[in-house]
>>> print(open('data_18.tsv').read())   # TSV, C-alpha atoms and all ligand atoms
chain	number	residue	atom	x	y	z
A	1	MET	CA	113.56	75.54	-75.10
A	2	THR	CA	117.31	75.64	-74.94
A	3	THR	CA	119.80	73.59	-76.89
A	4	THR	CA	121.97	72.91	-73.83
A	5	THR	CA	122.07	69.24	-72.98
A	6	LEU	CA	122.96	67.73	-69.66
A	7	ALA	CA	126.22	65.96	-69.02
A	8	ASP	CA	125.78	62.29	-69.93
A	9	ALA	CA	129.17	61.13	-68.81
A	10	ALA	CA	128.95	59.01	-65.70
A	11	ARG	CA	131.02	60.40	-62.86
A	12	HIS	CA	132.70	58.21	-60.30
A	13	ASP	CA	129.81	58.81	-57.90
A	14	ASP	CA	127.14	58.29	-60.50
A	15	GLY	CA	126.23	54.62	-59.98
A	16	PRO	CA	122.61	53.52	-60.32
A	17	ALA	CA	121.84	53.86	-56.59
A	18	ALA	CA	124.10	56.84	-55.77
A	19	PRO	CA	122.37	59.59	-53.79
A	20	VAL	CA	121.19	62.66	-55.72
A	21	PRO	CA	121.52	65.80	-53.58
A	22	LEU	CA	119.09	68.72	-53.80
A	23	VAL	CA	122.00	70.97	-54.83
A	24	ASP	CA	125.71	70.25	-55.36
A	25	LEU	CA	127.84	73.27	-54.47
A	26	GLY	CA	131.01	71.16	-54.39
A	27	LEU	CA	130.59	70.29	-58.06
A	28	GLN	CA	130.02	73.95	-58.89
A	29	HIS	CA	133.16	74.99	-57.02
A	30	ARG	CA	135.31	72.35	-58.70
A	31	ARG	CA	134.25	73.69	-62.10
A	32	ILE	CA	135.54	77.20	-61.31
A	33	ALA	CA	138.15	76.68	-58.59
A	34	ALA	CA	141.00	77.62	-60.95
A	35	GLU	CA	139.36	81.01	-61.56
A	36	VAL	CA	138.19	81.67	-58.00
A	37	ARG	CA	141.49	81.08	-56.20
A	38	PRO	CA	143.53	83.77	-58.03
A	39	ALA	CA	140.62	86.22	-57.70
A	40	MET	CA	140.52	85.68	-53.91
A	41	ASP	CA	144.33	85.87	-53.70
A	42	ALA	CA	144.26	89.24	-55.42
A	43	VAL	CA	141.89	90.62	-52.75
A	44	MET	CA	144.07	89.25	-49.95
A	45	ASP	CA	147.12	90.86	-51.53
A	46	THR	CA	145.45	94.30	-51.59
A	47	THR	CA	143.77	93.87	-48.13
A	48	ALA	CA	140.79	95.93	-49.34
A	49	PHE	CA	138.38	93.58	-47.54
A	50	VAL	CA	135.20	95.67	-47.23
A	51	LEU	CA	133.76	97.54	-50.23
A	52	GLY	CA	136.74	98.66	-52.36
A	53	PRO	CA	137.45	98.16	-56.07
A	54	GLU	CA	136.22	94.54	-56.36
A	55	VAL	CA	132.85	95.53	-54.91
A	56	THR	CA	132.54	98.54	-57.21
A	57	ALA	CA	133.44	96.40	-60.23
A	58	PHE	CA	130.91	93.73	-59.26
A	59	GLU	CA	128.21	96.35	-58.67
A	60	GLN	CA	128.76	97.75	-62.16
A	61	GLU	CA	128.77	94.30	-63.77
A	62	TYR	CA	125.67	93.12	-61.91
A	63	ALA	CA	123.73	96.32	-62.73
A	64	ALA	CA	124.62	95.85	-66.41
A	65	PHE	CA	123.60	92.17	-66.25
A	66	CYS	CA	120.16	93.15	-64.87
A	67	GLY	CA	119.73	96.08	-67.24
A	68	ALA	CA	119.54	98.41	-64.21
A	69	ALA	CA	121.34	101.69	-63.74
A	70	HIS	CA	122.61	101.06	-60.18
A	71	CYS	CA	123.57	98.17	-57.92
A	72	VAL	CA	124.44	98.48	-54.23
A	73	GLY	CA	126.14	95.45	-52.67
A	74	VAL	CA	124.99	94.62	-49.13
A	75	GLY	CA	125.56	91.95	-46.50
A	76	ASN	CA	122.76	89.53	-47.43
A	77	GLY	CA	119.39	89.29	-49.15
A	78	THR	CA	117.33	90.01	-46.04
A	79	ASP	CA	119.15	93.31	-45.51
A	80	ALA	CA	118.75	94.02	-49.24
A	81	ILE	CA	114.94	93.88	-48.88
A	82	GLU	CA	114.96	96.01	-45.72
A	83	LEU	CA	117.27	98.61	-47.27
A	84	ALA	CA	115.29	98.66	-50.54
A	85	LEU	CA	112.18	99.47	-48.49
A	86	ARG	CA	113.92	102.10	-46.37
A	87	GLY	CA	115.66	103.55	-49.44
A	88	ALA	CA	112.25	103.91	-51.09
A	89	GLY	CA	111.00	105.81	-48.04
A	90	ILE	CA	108.81	103.05	-46.55
A	91	GLY	CA	108.64	102.86	-42.77
A	92	SER	CA	106.55	103.18	-39.66
A	93	GLY	CA	102.79	102.79	-40.16
A	94	ASP	CA	103.06	101.82	-43.82
A	95	GLU	CA	101.49	98.62	-45.11
A	96	VAL	CA	103.49	96.47	-47.50
A	97	LEU	CA	101.81	93.72	-49.52
A	98	ILE	CA	103.78	90.49	-49.82
A	99	PRO	CA	102.89	86.92	-50.81
A	100	ALA	CA	101.98	84.54	-47.96
A	101	ASN	CA	104.05	81.81	-49.66
A	102	THR	CA	107.57	83.16	-49.51
A	103	PHE	CA	110.77	82.61	-47.60
A	104	VAL	CA	110.47	84.17	-44.13
A	105	ALA	CA	113.00	86.89	-45.01
A	106	THR	CA	110.52	88.85	-47.15
A	107	ALA	CA	108.22	89.29	-44.15
A	108	GLU	CA	111.06	89.82	-41.65
A	109	ALA	CA	112.49	92.66	-43.72
A	110	VAL	CA	109.14	94.47	-43.84
A	111	VAL	CA	108.81	94.33	-40.03
A	112	ARG	CA	112.45	95.39	-39.57
A	113	ALA	CA	111.84	98.40	-41.83
A	114	GLY	CA	109.09	99.38	-39.35
A	115	ALA	CA	106.20	98.60	-41.70
A	116	VAL	CA	103.31	96.11	-41.46
A	117	PRO	CA	103.29	93.07	-43.78
A	118	VAL	CA	99.93	92.40	-45.42
A	119	LEU	CA	99.79	88.91	-46.90
A	120	ALA	CA	98.20	88.09	-50.23
A	121	ASP	CA	97.53	84.71	-51.83
A	122	CYS	CA	99.37	83.13	-54.76
A	123	ASP	CA	98.17	81.84	-58.11
A	124	GLU	CA	98.86	78.41	-59.59
A	125	HIS	CA	102.33	79.58	-60.64
A	126	TYR	CA	103.13	80.22	-56.93
A	127	LEU	CA	103.39	83.95	-57.70
A	128	LEU	CA	101.36	86.84	-56.24
A	129	ASP	CA	97.79	86.64	-57.51
A	130	PRO	CA	96.93	90.12	-58.83
A	131	GLU	CA	93.20	89.59	-58.26
A	132	ASP	CA	93.62	88.65	-54.62
A	133	LEU	CA	96.05	91.53	-54.17
A	134	ALA	CA	93.57	94.12	-55.37
A	135	HIS	CA	91.23	93.33	-52.43
A	136	ARG	CA	93.96	93.91	-49.86
A	137	VAL	CA	94.97	97.44	-50.80
A	138	THR	CA	94.03	100.04	-48.14
A	139	SER	CA	94.68	103.75	-47.68
A	140	ARG	CA	97.88	102.81	-45.78
A	141	THR	CA	99.32	100.55	-48.53
A	142	ARG	CA	102.62	102.06	-49.68
A	143	ALA	CA	104.36	99.19	-51.47
A	144	VAL	CA	104.05	95.65	-52.78
A	145	ILE	CA	106.95	93.21	-52.94
A	146	ALA	CA	106.62	90.87	-55.91
A	147	VAL	CA	108.62	87.72	-55.11
A	148	ASP	CA	109.99	85.88	-58.16
A	149	LEU	CA	109.47	82.57	-56.39
A	150	TYR	CA	111.29	79.46	-57.64
A	151	GLY	CA	112.96	81.38	-60.49
A	152	GLN	CA	110.38	83.15	-62.65
A	153	VAL	CA	109.45	86.82	-62.66
A	154	ALA	CA	106.05	87.62	-61.14
A	155	GLU	CA	103.38	89.27	-63.31
A	156	ILE	CA	104.71	92.73	-62.53
A	157	GLU	CA	102.49	94.64	-64.94
A	158	ARG	CA	99.26	93.05	-63.63
A	159	ILE	CA	100.46	93.47	-60.02
A	160	SER	CA	101.22	97.10	-60.66
A	161	GLU	CA	97.78	97.64	-62.19
A	162	ALA	CA	96.08	95.83	-59.28
A	163	VAL	CA	97.65	98.05	-56.59
A	164	GLY	CA	97.25	101.33	-58.46
A	165	PRO	CA	99.65	104.18	-59.23
A	166	ASP	CA	100.23	105.30	-55.61
A	167	VAL	CA	101.75	102.00	-54.46
A	168	LEU	CA	105.44	101.32	-55.13
A	169	VAL	CA	106.35	97.99	-56.72
A	170	LEU	CA	109.50	96.34	-55.36
A	171	GLU	CA	110.92	93.00	-56.45
A	172	ASP	CA	112.34	90.21	-54.28
A	173	ALA	CA	114.58	88.71	-56.96
A	174	ALA	CA	116.55	86.42	-54.63
A	175	GLN	CA	115.55	83.35	-56.65
A	176	SER	CA	115.48	84.78	-60.17
A	177	GLN	CA	118.95	85.95	-61.19
A	178	GLY	CA	118.98	86.03	-65.00
A	179	ALA	CA	115.26	85.24	-65.42
A	180	THR	CA	113.42	87.41	-67.93
A	181	ARG	CA	109.87	88.61	-68.56
A	182	ALA	CA	109.08	90.01	-72.00
A	183	GLY	CA	112.82	90.22	-72.56
A	184	ARG	CA	113.55	92.26	-69.42
A	185	VAL	CA	115.83	90.80	-66.77
A	186	ALA	CA	114.69	90.15	-63.19
A	187	GLY	CA	115.70	93.06	-60.97
A	188	SER	CA	115.00	95.72	-63.59
A	189	PHE	CA	111.29	95.96	-62.77
A	190	GLY	CA	109.80	98.29	-60.21
A	191	THR	CA	111.30	100.96	-57.97
A	192	ALA	CA	114.05	98.68	-56.64
A	193	ALA	CA	114.83	94.98	-56.48
A	194	ALA	CA	116.54	93.05	-53.72
A	195	THR	CA	118.55	89.94	-54.36
A	196	SER	CA	120.47	87.40	-52.32
A	197	PHE	CA	123.78	85.73	-53.10
A	198	TYR	CA	123.37	83.08	-50.38
A	199	PRO	CA	125.51	80.13	-51.56
A	200	GLY	CA	122.59	78.03	-52.82
A	201	LYS	CA	121.05	80.77	-54.99
A	202	ASN	CA	121.51	80.71	-58.79
A	203	LEU	CA	124.30	83.26	-58.29
A	204	GLY	CA	125.75	82.34	-54.90
A	205	ALA	CA	128.73	83.71	-52.99
A	206	TYR	CA	131.00	81.74	-50.64
A	207	GLY	CA	129.17	83.11	-47.63
A	208	ASP	CA	126.38	85.64	-47.11
A	209	ALA	CA	125.95	88.47	-49.61
A	210	GLY	CA	123.18	90.44	-51.32
A	211	ALA	CA	122.42	93.51	-53.40
A	212	VAL	CA	119.79	96.07	-54.31
A	213	VAL	CA	119.42	97.12	-57.93
A	214	THR	CA	117.48	100.18	-59.01
A	215	GLN	CA	117.04	102.55	-61.93
A	216	ASP	CA	116.79	105.52	-59.58
A	217	ARG	CA	119.99	107.34	-58.65
A	218	GLU	CA	118.63	108.94	-55.46
A	219	THR	CA	117.29	105.64	-54.14
A	220	ALA	CA	120.68	104.05	-54.86
A	221	GLU	CA	122.52	106.84	-53.04
A	222	ARG	CA	120.25	106.54	-49.99
A	223	ILE	CA	120.83	102.79	-49.83
A	224	ARG	CA	124.58	103.33	-50.26
A	225	ALA	CA	124.49	105.57	-47.20
A	226	LEU	CA	122.19	103.29	-45.18
A	227	ARG	CA	124.39	100.21	-45.68
A	228	SER	CA	127.41	101.99	-44.24
A	229	HIS	CA	126.33	103.69	-41.00
A	230	GLY	CA	124.15	106.22	-42.79
A	231	GLY	CA	126.88	108.14	-44.57
A	232	LEU	CA	128.79	108.19	-47.82
A	233	ARG	CA	131.93	109.59	-46.20
A	234	ARG	CA	133.61	108.43	-43.02
A	235	TYR	CA	132.20	110.07	-39.86
A	236	GLU	CA	129.49	111.92	-41.80
A	237	HIS	CA	126.27	110.23	-40.68
A	238	THR	CA	123.34	111.78	-42.50
A	239	HIS	CA	120.87	108.89	-41.99
A	240	LEU	CA	120.33	106.40	-39.19
A	241	GLY	CA	121.93	103.51	-41.00
A	242	THR	CA	123.35	100.09	-40.31
A	243	ASN	CA	126.41	98.02	-41.18
A	244	SER	CA	125.55	95.80	-44.12
A	245	ARG	CA	128.27	95.96	-46.74
A	246	LEU	CA	129.38	93.47	-49.36
A	247	ASP	CA	132.75	91.85	-48.61
A	248	SER	CA	135.44	92.14	-51.27
A	249	LEU	CA	136.20	88.41	-51.15
A	250	GLN	CA	132.55	87.68	-51.89
A	251	ALA	CA	132.55	90.25	-54.69
A	252	ALA	CA	135.60	88.56	-56.23
A	253	VAL	CA	133.83	85.18	-56.17
A	254	LEU	CA	130.64	86.70	-57.55
A	255	ARG	CA	132.49	88.36	-60.45
A	256	VAL	CA	133.85	84.96	-61.50
A	257	LYS	CA	130.48	83.26	-61.11
A	258	LEU	CA	128.50	85.96	-62.92
A	259	ARG	CA	130.43	85.09	-66.10
A	260	HIS	CA	129.12	81.51	-65.85
A	261	LEU	CA	125.56	82.29	-64.79
A	262	PRO	CA	123.93	82.28	-68.27
A	263	GLU	CA	125.40	78.86	-69.04
A	264	TRP	CA	124.40	77.52	-65.60
A	265	ASN	CA	120.86	78.80	-66.03
A	266	ASP	CA	120.76	76.99	-69.42
A	267	GLU	CA	121.76	73.78	-67.66
A	268	ARG	CA	118.97	74.29	-65.11
A	269	ARG	CA	116.48	74.81	-67.95
A	270	ALA	CA	117.64	71.61	-69.65
A	271	ALA	CA	117.16	69.63	-66.41
A	272	ALA	CA	113.68	71.16	-65.90
A	273	ALA	CA	112.74	70.26	-69.49
A	274	LEU	CA	113.87	66.68	-68.91
A	275	TYR	CA	111.81	66.39	-65.68
A	276	THR	CA	108.78	67.75	-67.53
A	277	HIS	CA	109.30	65.22	-70.31
A	278	LEU	CA	109.77	62.28	-67.93
A	279	LEU	CA	106.89	63.14	-65.55
A	280	GLY	CA	104.42	64.71	-67.97
A	281	ASP	CA	102.14	61.67	-68.16
A	282	LEU	CA	101.54	61.42	-64.38
A	283	GLU	CA	98.12	62.76	-63.43
A	284	THR	CA	98.98	62.53	-59.74
A	285	VAL	CA	101.90	64.99	-60.04
A	286	VAL	CA	101.28	68.68	-60.79
A	287	LEU	CA	104.31	70.02	-62.67
A	288	PRO	CA	105.49	73.64	-62.48
A	289	ARG	CA	104.45	75.87	-65.36
A	290	THR	CA	106.15	78.86	-66.90
A	291	LEU	CA	104.11	82.00	-67.56
A	292	GLU	CA	103.85	83.20	-71.11
A	293	ASP	CA	106.59	85.77	-71.87
A	294	ASN	CA	108.77	84.38	-69.07
A	295	GLU	CA	112.14	82.71	-69.25
A	296	HIS	CA	112.41	80.67	-66.05
A	297	VAL	CA	115.78	80.06	-64.33
A	298	TRP	CA	114.58	77.14	-62.17
A	299	HIS	CA	116.06	78.08	-58.82
A	300	LEU	CA	113.82	75.22	-57.65
A	301	PHE	CA	111.80	72.59	-59.50
A	302	VAL	CA	108.66	72.29	-57.39
A	303	VAL	CA	105.94	69.72	-58.05
A	304	ARG	CA	102.75	69.03	-56.08
A	305	VAL	CA	101.55	65.64	-54.89
A	306	ALA	CA	98.62	64.66	-52.66
A	307	ASP	CA	100.36	62.53	-50.05
A	308	ARG	CA	103.42	64.79	-49.87
A	309	ASP	CA	105.00	63.85	-46.54
A	310	ARG	CA	104.93	60.15	-47.35
A	311	VAL	CA	106.30	60.73	-50.89
A	312	ALA	CA	109.06	63.00	-49.54
A	313	ALA	CA	110.05	60.43	-46.92
A	314	ARG	CA	110.22	57.66	-49.54
A	315	LEU	CA	112.40	59.76	-51.83
A	316	GLN	CA	114.71	60.70	-48.97
A	317	ALA	CA	115.00	57.04	-47.93
A	318	ALA	CA	116.06	56.27	-51.54
A	319	GLY	CA	118.83	58.92	-51.32
A	320	ILE	CA	116.99	61.62	-53.27
A	321	GLY	CA	117.45	65.08	-51.73
A	322	ALA	CA	113.82	66.15	-52.02
A	323	ALA	CA	112.87	69.16	-49.87
A	324	ILE	CA	110.01	71.55	-49.09
A	325	HIS	CA	110.11	75.26	-49.93
A	326	TYR	CA	108.39	76.24	-47.69
A	327	PRO	CA	106.54	74.06	-45.17
A	328	ALA	CA	104.39	76.89	-43.75
A	329	PRO	CA	103.06	80.18	-45.13
A	330	VAL	CA	104.13	83.30	-43.24
A	331	HIS	CA	100.90	83.59	-41.18
A	332	ARG	CA	101.50	80.10	-39.75
A	333	LEU	CA	104.92	81.06	-38.37
A	334	PRO	CA	104.86	81.75	-34.60
A	335	ALA	CA	107.24	84.71	-35.01
A	336	PHE	CA	104.58	86.67	-36.89
A	337	ALA	CA	101.76	86.25	-34.40
A	338	GLY	CA	100.37	89.73	-33.76
A	339	LEU	CA	102.54	91.37	-36.45
A	340	LEU	CA	100.30	90.87	-39.46
A	341	ALA	CA	97.15	92.59	-40.60
A	342	SER	CA	94.36	90.13	-41.46
A	343	SER	CA	95.41	86.72	-42.77
A	344	ARG	CA	92.08	85.49	-44.02
A	345	GLY	CA	91.48	83.89	-47.41
A	346	LEU	CA	95.02	82.70	-48.07
A	347	THR	CA	93.62	79.39	-49.25
A	348	ARG	CA	96.02	78.48	-52.06
A	349	SER	CA	99.09	79.28	-49.99
A	350	GLU	CA	97.78	77.07	-47.20
A	351	ARG	CA	96.82	74.16	-49.43
A	352	TYR	CA	100.02	74.26	-51.47
A	353	ALA	CA	102.21	74.23	-48.33
A	354	GLY	CA	101.01	70.65	-47.75
A	355	GLU	CA	101.55	69.50	-51.35
A	356	ILE	CA	104.75	71.11	-52.67
A	357	LEU	CA	107.94	69.11	-53.13
A	358	SER	CA	111.26	70.38	-54.55
A	359	LEU	CA	113.22	67.90	-56.67
A	360	PRO	CA	117.03	67.97	-57.09
A	361	LEU	CA	118.11	70.48	-59.74
A	362	TYR	CA	121.44	72.27	-60.14
A	363	PRO	CA	124.00	73.07	-62.83
A	364	GLY	CA	125.89	69.88	-63.61
A	365	ILE	CA	123.10	67.45	-62.68
A	366	THR	CA	123.30	64.58	-65.19
A	367	THR	CA	120.66	62.99	-67.38
A	368	ALA	CA	121.10	59.77	-65.39
A	369	GLN	CA	120.48	61.62	-62.11
A	370	VAL	CA	117.30	63.32	-63.36
A	371	GLU	CA	116.10	59.96	-64.71
A	372	ARG	CA	116.78	58.33	-61.35
A	373	VAL	CA	114.82	61.01	-59.46
A	374	ALA	CA	111.90	60.70	-61.90
A	375	HIS	CA	111.96	56.92	-61.55
A	376	GLU	CA	112.01	57.08	-57.73
A	377	LEU	CA	109.18	59.62	-57.75
A	378	ARG	CA	107.04	57.26	-59.85
A	379	GLY	CA	107.81	54.47	-57.38
A	380	ALA	CA	107.03	56.66	-54.38
A	381	ILE	CA	103.69	57.68	-55.82
A	382	GLY	CA	102.99	54.04	-56.58
A	383	GLY	CA	99.37	53.15	-57.08
A	384	THR	CA	97.88	56.32	-55.55
A	385	SER	CA	95.20	57.81	-57.72
A	386	GLU	CA	94.79	60.76	-55.37
A	387	VAL	CA	95.45	64.05	-57.13
A	388	PRO	CA	96.51	67.28	-55.44
A	389	ARG	CA	93.43	69.38	-54.66
A	390	GLY	CA	94.90	72.70	-55.77
B	1	LIG	C1	117.15	83.62	-49.90
B	1	LIG	C2	115.98	84.51	-49.94
B	1	LIG	C3	115.94	85.71	-49.19
B	1	LIG	C4	116.97	86.10	-48.16
B	1	LIG	O1	118.26	86.12	-48.55
B	1	LIG	P1	119.45	85.93	-47.47
B	1	LIG	O2	120.65	86.26	-48.29
B	1	LIG	O3	119.42	84.51	-47.04
B	1	LIG	O4	119.23	86.87	-46.36
B	1	LIG	C5	114.84	86.52	-49.36
B	1	LIG	N1	113.82	86.20	-50.15
B	1	LIG	C6	113.80	85.04	-50.85
B	1	LIG	C7	112.63	84.74	-51.73
B	1	LIG	C8	114.87	84.16	-50.75
B	1	LIG	O5	114.83	83.01	-51.44
>>> encode(input="data_18.tsv", output="structure tokens")
Amino acid sequence: MTTTTLADAARHDDGPAAPVPLVDLGLQHRRIAAEVRPAMDAVMDTTAFVLGPEVTAFEQEYAAFCGAAHCVGVGNGTDAIELALRGAGIGSGDEVLIPANTFVATAEAVVRAGAVPVLADCDEHYLLDPEDLAHRVTSRTRAVIAVDLYGQVAEIERISEAVGPDVLVLEDAAQSQGATRAGRVAGSFGTAAATSFYPGKNLGAYGDAGAVVTQDRETAERIRALRSHGGLRRYEHTHLGTNSRLDSLQAAVLRVKLRHLPEWNDERRAAAALYTHLLGDLETVVLPRTLEDNEHVWHLFVVRVADRDRVAARLQAAGIGAAIHYPAPVHRLPAFAGLLASSRGLTRSERYAGEILSLPLYPGITTAQVERVAHELRGAIGGTSEVPRG
């Protein structure tokens, strides 16, 4: 556990019945506005708006932060996954294993890369279940994308063993910036890792942004070409690429925020520890657990309750920004009808989709706010003795 404690000081909006949002980006901005404004001004003064020195500097700093050799800044996290796949040589006719319980982007990116998503079930940590995965490998399986869902690194070494040496392991680290497993930082595992700097992520830009990190120089160079019309020099198009580059203004914001990320992740951990302490005695609430060897960064604090929709509605009516990540597994989304291989036996993903509930958690959330959420959750659960089935 960390020694960071949450802010106790009541803020002007911190009365006993004040709403508690799911995330508070305004608070985060106010804490760093004095650093962000001059950084953005400097970009506007140079007019280097796309790629340029700020992007290069951020790429170097983010690679170092992850313990990876290379970082390629791209337009968003979805493109990062697609370009990581394409950069690793995955395409038409290839099967790519992904968890059924992920944000839609993981599956979208596989289809956009020309490959076929094959869904696997999760374990009770909401991460890819290596045992289920092993049964879904075929002669066409070329890669698996381990998603570090909710902020902890998936069991990469067991996943890698389950799929065998001929299948590439990629990481969707959109929710795990700064998380570690056995001392290694998220993004440094596998052939390449994609991440998203969507504003609500642990490291969020002021608009869309993303990156791929990799240890492999050739993969990095291919992705560098792909993100910019398939060439490293103007009008030399060696690959069929796309336009997905990181904006300099976003890079300037991200450079400021990266310096604060470790401290913000500590604040998230302190809030998660407080929730665990306050809710630990409730048999009707399943709390999230951290895998051994993992340091969690709590992108989301997700509990499970039996009568989820009613509990969520009660919390929302009380001003608590509870939410659901995500309401349906990939194979229940109409967009993927006909695009998936088999989707049988995804029982945990299906059951959990009806029970999961994300509670407010963000850097700067106060002790009083966490206590209020815990109190309202107790009230919402009321006398139910029903326990989640999972
Ligand atoms: C946010 C997210 C993405 C997509 O990132 P965008 O920047 O929104 O395109 C992909 N995978 C996961 C798990 C995410 O949480």
>>> residues_near_ligand(input="data_18.tsv", ligand="ligand LIG 1 (chain B)", cutoff="8 Å", atoms="all atoms listed in the file", output="mmCIF file with C-alpha atoms, in the frame of the given file")
data_model
loop_
_atom_site.group_PDB
_atom_site.id
_atom_site.type_symbol
_atom_site.label_atom_id
_atom_site.label_comp_id
_atom_site.auth_asym_id
_atom_site.auth_seq_id
_atom_site.Cartn_x
_atom_site.Cartn_y
_atom_site.Cartn_z
ATOM 1 C CA GLY A 75 125.560 91.950 -46.500
ATOM 2 C CA ASN A 76 122.760 89.530 -47.430
ATOM 3 C CA GLY A 77 119.390 89.290 -49.150
ATOM 4 C CA THR A 78 117.330 90.010 -46.040
ATOM 5 C CA ASP A 79 119.150 93.310 -45.510
ATOM 6 C CA ALA A 80 118.750 94.020 -49.240
ATOM 7 C CA ILE A 81 114.940 93.880 -48.880
ATOM 8 C CA THR A 102 107.570 83.160 -49.510
ATOM 9 C CA PHE A 103 110.770 82.610 -47.600
ATOM 10 C CA VAL A 104 110.470 84.170 -44.130
ATOM 11 C CA ALA A 105 113.000 86.890 -45.010
ATOM 12 C CA THR A 106 110.520 88.850 -47.150
ATOM 13 C CA VAL A 147 108.620 87.720 -55.110
ATOM 14 C CA ASP A 148 109.990 85.880 -58.160
ATOM 15 C CA LEU A 149 109.470 82.570 -56.390
ATOM 16 C CA TYR A 150 111.290 79.460 -57.640
ATOM 17 C CA ASP A 172 112.340 90.210 -54.280
ATOM 18 C CA ALA A 173 114.580 88.710 -56.960
ATOM 19 C CA ALA A 174 116.550 86.420 -54.630
ATOM 20 C CA GLN A 175 115.550 83.350 -56.650
ATOM 21 C CA THR A 195 118.550 89.940 -54.360
ATOM 22 C CA SER A 196 120.470 87.400 -52.320
ATOM 23 C CA PHE A 197 123.780 85.730 -53.100
ATOM 24 C CA TYR A 198 123.370 83.080 -50.380
ATOM 25 C CA LYS A 201 121.050 80.770 -54.990
ATOM 26 C CA ASP A 208 126.380 85.640 -47.110
ATOM 27 C CA ALA A 209 125.950 88.470 -49.610
ATOM 28 C CA GLY A 210 123.180 90.440 -51.320
#
>>> closest_residue(input="data_18.tsv", among="A:Asp266, A:Phe49, A:Leu119, A:Asp94", to="Arg332 (chain A)", atoms="only C-alpha atoms")
A:Leu119
>>> residues_around(input="data_18.tsv", residues="Phe301 (chain A)", least_positions_apart="3", cutoff="10 Å", atoms="only C-alpha atoms", output="PyMOL selection string")
chain A and resi 150-151+268-269+271-272+275-276+287-289+297-298+356-362
>>> closest_residue(input="data_18.tsv", among="A:Phe65, A:Tyr206, A:Tyr126, A:Tyr235", to="Ala251 (chain A)", atoms="all atoms listed in the file")
A:Tyr206
>>> closest_residue(input="data_18.tsv", among="A:Pro53, A:Pro19, A:Pro130, A:Pro363", to="Val163 (chain A)", atoms="only C-alpha atoms")
A:Pro130
>>> atom_distance(input="data_18.tsv", atom1="CA of Leu51 (chain A)", atom2="CA of Thr191 (chain A)")
24.0 Å
>>> closest_residue(input="data_18.tsv", among="A:Arg314, A:Arg222, A:Arg234, A:Arg245", to="Thr56 (chain A)", atoms="only C-alpha atoms")
A:Arg245
>>> closest_residue(input="data_18.tsv", among="A:Val311, A:Ala63, A:Gly200, A:Met44", to="Gly26 (chain A)", atoms="all atoms listed in the file")
A:Gly200
>>> closest_residue(input="data_18.tsv", among="A:Val302, A:Ile32, A:Ala120, A:Val50", to="Glu350 (chain A)", atoms="all atoms listed in the file")
A:Ala120
